[in-house]
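Here the structure comes first, spelled out in structure tokens, and everything after it is commentary.
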Amino acid sequence: MAESAYIISSVAGCFYLIACYRLLQLSWHSGERPEFWLGIYLGAAGQWYLLYSAPYFLGLEVLPSLIEQGVEWIYAVGVIPYLLFIRSTFRPGCGWATALTLVSTLLLIGGAAAASLGGDFSNSIDDPAYLTEWMGYTIPSVWMCCEGFGSHSAAQKRVRMGLCEPVVANRYLLFAYFGVCQVAACAADLLWAQENSSEGAWSELANGLLSGTEIASVAALWLAFFPPLFYRRRIERRVERVSAPAEGG
């Protein structure tokens, strides 16, 4: 069980870093900021997974305390670009979106700082520092779900009017799926923390579920930004089948 969980975590980390590279490359060529922000987040998440899997592959018991704190800070700070991606993509210039971004950032930094001052990132549900940081990275995941589904519904109406490309509308749906996977990962992380605090026997399973949902997250983003030709054609055919009866009527 432990071996498979570490392997899945490593695969998730590699997927994230590959997606990070592609998104940063896309941002460089397009000059768009949302791809840049999301790429930075994926890079931080990829490093987190790979570094936390390192002790298993290196034959160590745990990461040295200083390195562990550095890894946790990489992820805590790395979630901030994720928030900026959501705000700049869906709610640019919106006051409440800016406020929500600030609140989530404060939770992330506050939780990581409290854990550092305590000298231990316990990942235990009994630790207020862990719960504070957990809320900080769960907020953008829920936010992404809401924005993705809402934008997809509005885009579908524009597609039927010929005002929006089907692949663009589908991209919003994939953003929503990404958010769903991220929320599931946050839930798995909370289960992992519960097992850590009660010395349960399912922490490896929770870790495996966490990594699996993260891989699904990257798959959704990959289709959103780099859809292969067969996928784009499938979306177009689906729209044509839906539109045909309406045009015939």
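Here's how to read the names in the structure tokens: chain A, B, ... by the order shown, residue numbers from 1 in each chain, ligand numbers from 1 in the order shown.
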
Do you know which residues are at most 9 Å from stretch 224-227 of chain A counting only C-alpha atoms, after dropping those on the same chain fewer than 6 positions away, and could you put them as a PyMOL selection string?
-> chain A and resi 22-23+26+35+167-168+170-175

Apply DSSP to the structure's backbone, then extract all residues of stretch 24-154 of chain A labelled helix (DSSP H, G or I) and return them as an MDAnalysis selection string.
-> chainID A and resid 24:30 33:58 65:90 95:118 128:154

Pick out the residues sitting within 10 Å of A:Ile139, and hand them over as a ChimeraX atom specification; count only C-alpha atoms, and ignore anything fewer than 3 positions along from it in its own chain.
-> /A:83,100-101,103-105,107,134-136,142-144,183,186

For the residues selected in the previous step, produce a file with N, CA and C atoms as an mmCIF file, in the first residue's frame.
```
data_model
loop_
_atom_site.group_PDB
_atom_site.id
_atom_site.type_symbol
_atom_site.label_atom_id
_atom_site.label_comp_id
_atom_site.auth_asym_id
_atom_site.auth_seq_id
_atom_site.Cartn_x
_atom_site.Cartn_y
_atom_site.Cartn_z
ATOM 1 N N LEU A 83 -4.873 31.330 -6.959
ATOM 2 C CA LEU A 83 -5.910 32.315 -6.674
ATOM 3 C C LEU A 83 -5.898 33.437 -7.710
ATOM 4 N N LEU A 100 -11.596 37.855 -1.461
ATOM 5 C CA LEU A 100 -11.494 36.414 -1.238
ATOM 6 C C LEU A 100 -10.062 35.935 -1.471
ATOM 7 N N THR A 101 -9.416 36.480 -2.483
ATOM 8 C CA THR A 101 -8.012 36.143 -2.743
ATOM 9 C C THR A 101 -7.138 36.531 -1.564
ATOM 10 N N VAL A 103 -8.108 36.936 1.637
ATOM 11 C CA VAL A 103 -8.422 36.088 2.791
ATOM 12 C C VAL A 103 -7.736 34.733 2.682
ATOM 13 N N SER A 104 -7.836 34.132 1.513
ATOM 14 C CA SER A 104 -7.212 32.829 1.304
ATOM 15 C C SER A 104 -5.693 32.921 1.441
ATOM 16 N N THR A 105 -5.107 34.002 0.932
ATOM 17 C CA THR A 105 -3.656 34.199 1.049
ATOM 18 C C THR A 105 -3.237 34.314 2.508
ATOM 19 N N LEU A 107 -4.772 33.058 5.077
ATOM 20 C CA LEU A 107 -4.898 31.742 5.699
ATOM 21 C C LEU A 107 -3.694 30.858 5.353
ATOM 22 N N TRP A 134 -5.117 24.457 5.423
ATOM 23 C CA TRP A 134 -6.041 23.636 4.627
ATOM 24 C C TRP A 134 -7.188 24.486 4.081
ATOM 25 N N MET A 135 -7.735 25.352 4.918
ATOM 26 C CA MET A 135 -8.803 26.240 4.437
ATOM 27 C C MET A 135 -8.283 27.161 3.348
ATOM 28 N N GLY A 136 -7.023 27.591 3.484
ATOM 29 C CA GLY A 136 -6.432 28.488 2.499
ATOM 30 C C GLY A 136 -6.345 27.879 1.122
ATOM 31 N N VAL A 142 -12.833 25.211 -4.358
ATOM 32 C CA VAL A 142 -14.290 25.374 -4.408
ATOM 33 C C VAL A 142 -14.658 26.516 -5.342
ATOM 34 N N TRP A 143 -13.887 27.581 -5.278
ATOM 35 C CA TRP A 143 -14.126 28.751 -6.137
ATOM 36 C C TRP A 143 -14.028 28.359 -7.606
ATOM 37 N N MET A 144 -13.008 27.569 -7.937
ATOM 38 C CA MET A 144 -12.829 27.132 -9.324
ATOM 39 C C MET A 144 -14.031 26.323 -9.809
ATOM 40 N N VAL A 183 -11.059 19.696 -5.135
ATOM 41 C CA VAL A 183 -11.854 19.594 -3.906
ATOM 42 C C VAL A 183 -11.767 18.172 -3.342
ATOM 43 N N CYS A 186 -8.522 17.820 -1.641
ATOM 44 C CA CYS A 186 -8.538 18.470 -0.321
ATOM 45 C C CYS A 186 -9.245 17.589 0.705
#
```

Hey, which of A:Gly46, A:Pro81, A:Pro55, A:Gly110 ends up closest to A:Pro34? Count only C-alpha atoms.
->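 Closest candidate: A:Pro81.
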
Separating atom CA of A:Gly119 from atom CA of A:Thr138, to the nearest tenth of an Å, is a gap of 23.5 Å

With only C-alpha atoms as the basis for distance, which of A:Ile215, A:Ala220, A:Gly162, A:Ala99 is at the shortest distance from A:Tyr177?
->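 Of A:Ile215, A:Ala220, A:Gly162, A:Ala99, the one nearest A:Tyr177 is A:Ala220, counting only C-alpha atoms.
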
Correct to one decimal, the distance atom CA of A:Cys14-atom CA of A:Ser65 is 23.7 Å

Could you jot down the atom CA of A:Ser153 to atom CA of A:Ser88 separation for me, Å, one decimal place?
->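 Distance reported for this atom pair: 19.2 Å.
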
Close residues, A:Ala12 itself excluded, 9 Å, only C-alpha atoms, min 4 positions apart in chain, as number ranges by chain | A: 7-8, 16-17, 45-46, 49-50, 211-216, 218

Please produce a file of the residues just selected, as a PDB file, in the first residue's frame, where the atoms kept are N, CA and C atoms.
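For reference, part15.pdb as written:
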```pdb
ATOM      1  N   ILE A   7       4.526   5.881  -5.316  1.00  0.00           N
ATOM      2  CA  ILE A   7       4.682   5.878  -6.771  1.00  0.00           C
ATOM      3  C   ILE A   7       3.658   6.790  -7.427  1.00  0.00           C
ATOM      4  N   ILE A   8       2.401   6.711  -6.966  1.00  0.00           N
ATOM      5  CA  ILE A   8       1.348   7.571  -7.517  1.00  0.00           C
ATOM      6  C   ILE A   8       1.670   9.042  -7.242  1.00  0.00           C
ATOM      7  N   TYR A  16       2.483  17.248 -12.990  1.00  0.00           N
ATOM      8  CA  TYR A  16       2.363  18.664 -12.681  1.00  0.00           C
ATOM      9  C   TYR A  16       3.505  19.469 -13.286  1.00  0.00           C
ATOM     10  N   LEU A  17       4.728  18.960 -13.176  1.00  0.00           N
ATOM     11  CA  LEU A  17       5.878  19.705 -13.691  1.00  0.00           C
ATOM     12  C   LEU A  17       5.843  19.795 -15.214  1.00  0.00           C
ATOM     13  N   ALA A  45       3.132  22.630  -6.894  1.00  0.00           N
ATOM     14  CA  ALA A  45       2.499  21.365  -6.514  1.00  0.00           C
ATOM     15  C   ALA A  45       3.356  20.180  -6.937  1.00  0.00           C
ATOM     16  N   GLY A  46       3.958  20.260  -8.118  1.00  0.00           N
ATOM     17  CA  GLY A  46       4.810  19.172  -8.585  1.00  0.00           C
ATOM     18  C   GLY A  46       6.017  18.981  -7.700  1.00  0.00           C
ATOM     19  N   TYR A  49       4.988  17.221  -4.372  1.00  0.00           N
ATOM     20  CA  TYR A  49       4.802  15.771  -4.481  1.00  0.00           C
ATOM     21  C   TYR A  49       6.134  15.043  -4.595  1.00  0.00           C
ATOM     22  N   LEU A  50       7.007  15.536  -5.450  1.00  0.00           N
ATOM     23  CA  LEU A  50       8.270  14.830  -5.672  1.00  0.00           C
ATOM     24  C   LEU A  50       9.165  14.867  -4.429  1.00  0.00           C
ATOM     25  N   SER A 211      -3.192  11.604  -4.569  1.00  0.00           N
ATOM     26  CA  SER A 211      -2.356  11.673  -5.770  1.00  0.00           C
ATOM     27  C   SER A 211      -3.168  11.351  -7.023  1.00  0.00           C
ATOM     28  N   GLY A 212      -4.069  10.365  -6.927  1.00  0.00           N
ATOM     29  CA  GLY A 212      -4.891  10.005  -8.075  1.00  0.00           C
ATOM     30  C   GLY A 212      -5.777  11.147  -8.540  1.00  0.00           C
ATOM     31  N   THR A 213      -6.395  11.846  -7.594  1.00  0.00           N
ATOM     32  CA  THR A 213      -7.242  12.984  -7.974  1.00  0.00           C
ATOM     33  C   THR A 213      -6.406  14.107  -8.556  1.00  0.00           C
ATOM     34  N   GLU A 214      -5.161  14.239  -8.098  1.00  0.00           N
ATOM     35  CA  GLU A 214      -4.296  15.270  -8.651  1.00  0.00           C
ATOM     36  C   GLU A 214      -3.923  14.952 -10.103  1.00  0.00           C
ATOM     37  N   ILE A 215      -3.691  13.675 -10.401  1.00  0.00           N
ATOM     38  CA  ILE A 215      -3.397  13.283 -11.780  1.00  0.00           C
ATOM     39  C   ILE A 215      -4.599  13.590 -12.672  1.00  0.00           C
ATOM     40  N   ALA A 216      -5.799  13.291 -12.176  1.00  0.00           N
ATOM     41  CA  ALA A 216      -7.017  13.611 -12.933  1.00  0.00           C
ATOM     42  C   ALA A 216      -7.138  15.122 -13.139  1.00  0.00           C
ATOM     43  N   VAL A 218      -4.653  17.282 -13.501  1.00  0.00           N
ATOM     44  CA  VAL A 218      -3.745  17.684 -14.563  1.00  0.00           C
ATOM     45  C   VAL A 218      -4.295  17.270 -15.931  1.00  0.00           C
TER      46      VAL A 218
END
```

Which of these residues is nearest to A:Trp37, using only C-alpha atoms: A:Leu51, A:Val71, A:Leu106, A:Val79?
-> A:Val79

Can you tell me, as a list of chain:residue names, what residues are no more than 10 Å from A:Gly43 when counting only C-alpha atoms, ignoring any on the same chain fewer than 3 positions away?
->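 Using only C-alpha atoms, the neighbours found are A:Gly13, A:Cys14, A:Phe15, A:Tyr16, A:Leu17, A:Ile18, A:Ala19, A:Cys20, A:Tyr21, A:Leu23, A:Leu24, A:Leu38, A:Gly39, A:Ile40, A:Gly46, A:Gln47, A:Trp48, A:Ile74, A:Tyr75, A:Gly78.
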
Of the residues A:Ser53, A:Phe178, A:Ala187, A:Ala155, which is the one nearest to A:Leu223, using only C-alpha atoms?
->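 Nearest to A:Leu223: A:Phe178.
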
Pick from A:Glu236, A:Ala97, A:Val159, A:Leu42 nearest to A:Leu221, counting only C-alpha atoms |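 The shortest atom-to-atom distance to A:Leu221 comes from A:Leu42.
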